[in-house]
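Working notes, structure below.
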Amino acid sequence: MHSNGAFRDRVRRLGARGYACSFIPTWEQLRAEIIASPPAAIVVVDPYAGSSLERPQLAGDLRTLLWEFPSATVLAAVELLPGHSRDLRTLGEWGVTDIISLAEDDTHEAIYRRLRSIEGRSLQRLLERTLPPMLSGRTRMLMMTAAEVVAVGGKGRDLARRLHLSERTVLRWAERAGLPPPRRMLAWMRILLAASLLDDPGRSVLSVAHACGYASDSSLRRAMQDFLGAGPSALRRQGAFPAASRVFLDELAQTRAAGRDRHSLRF
């Protein structure tokens with residue numbers, strides 16, 4: 001959603017690099033698009049849209065959008081105006097993921113690199129704040145890659161492809177890292193992704209289910225009941241992602257302890 005024609009043309013060219021680009025004219029239509037889009041979607045906006053050219057002001061509609069959908073990956077494409085440096089800090093406080101400078105990121109390649117750097121990052125950011133610090137680099141890499149794969153709708157084979165490994169090697173790495181098997185890990189990442197979206201005030205349970213690849217809201221309820229012992233509505237009341245991550249970390253600790261016991265017996 002941006003009025004700069006040259007910038008839109010550069011974004012449009014990203015279609016040749018695997019991105020499906022849509023141009024949205026209003027904040028209200030953008031809200032509807034976010035609800036219908038997959039979790040890995042990247043929203044690029046003009047944060048001054050709707051204000052006068054003479055006295056540009058950050059859009060209150062953007063602030064509302066970020067309040068309703070804190071899990072959304074939102075880039076603000078801006079021309080850095082004299083006297084508006086404070087606006088960059090405000091955008092960060094509101095929850096904008098990153099800034100594109102129309103003056104500096106002025107090529108198709110620069111925009112592409114910026115988008116690739118944040119693709120699928122919403123769940124990864126939450127995991128980075130949640131995971132215990134003592135995890136090894138390989139363990140973190142496996143989990144972060146699993147989160148990225150799930151965010152773009154991938155499956156087990158996609159995890160191996162993303163890591164440039166065979167499925168058997170990924171299974172062996174997961175076992176050595178004290179992680180659940182890859183399928184279980186991907187199922188957990190899907191649950192955690194759904195939990196993060198449930199914490200968005202603007203999303204319904206059904207929209208979360210569809211966004212995460214569940215056939216219906218009842219399918220999501222069954223999965224959450226199986227993994228977490230509670231349904232979406234109950235989880236929402238207590239903070240869905242914090243509650244889900246606690247259960248995940250408990251299972252992770254049990255898996256790692258069982259792995260250490262197996263290695264001790266082999267020794």
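All residue names refer to the structure tokens as shown: chains lettered A, B, ... in order, residues numbered from 1 in each chain, ligands numbered from 1 in order.
Within 8 Å of region 161-165 of chain A there are A:Thr145, A:Val149, A:Arg157, A:Thr169, A:Val170, counting only C-alpha atoms and ignoring same-chain residues fewer than 4 positions away.
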What parts of region 76-175 of chain A does DSSP call strand (DSSP E or B)? I'd like the answer as a CSV table (one decimal) with C-alpha atoms, in the first residue's frame.
chain,number,residue,atom,x,y,z
A,76,ALA,CA,7.4,1.1,6.4
A,77,ALA,CA,8.7,2.5,3.1
A,78,VAL,CA,9.5,6.1,3.8
A,98,ASP,CA,11.7,-2.7,9.5
A,99,ILE,CA,12.2,0.5,7.5
A,100,ILE,CA,12.8,0.8,3.8
A,101,SER,CA,14.4,4.2,2.9
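Among the candidates A:Thr139, A:Ser196, A:Ser219, A:Ser122, the one nearest to Leu252 (chain A) when counting only C-alpha atoms is A:Thr139.
Counting only C-alpha atoms and comparing A:Ile34, A:Leu220, A:Val11, A:Met185, the residue that lies closest to Arg114 (chain A) is A:Val11.
Rounded to one decimal, CA of Ala253 (chain A) and CA of Glu119 (chain A) lie 28.7 Å from each other.
Take CA of Thr73 (chain A) and CA of Leu126 (chain A): the distance between them is 12.5 Å.
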Report as a tab-separated table the residues of region 176-210 of chain A within 12 Å of region 133-136 of chain A, each with its shortest atom pair and distance in Å (one decimal), using only C-alpha atoms, ordered by chain and increasing residue number.
residue	atom	partner	partner_atom	distance
A:Arg176	CA	A:Ser136	CA	10.9
A:Ala177	CA	A:Ser136	CA	7.9
A:Gly178	CA	A:Leu135	CA	9.9
A:Leu179	CA	A:Leu135	CA	10.7
Practice task
Name all residues at most 12 Å from Leu65 (chain A) (count only C-alpha atoms; drop same-chain ones fewer than 6 positions away) and give them as a PyMOL selection string.
Solution key: chain A and resi 26-35+43+45+47+59+71-74+94-96+200-203
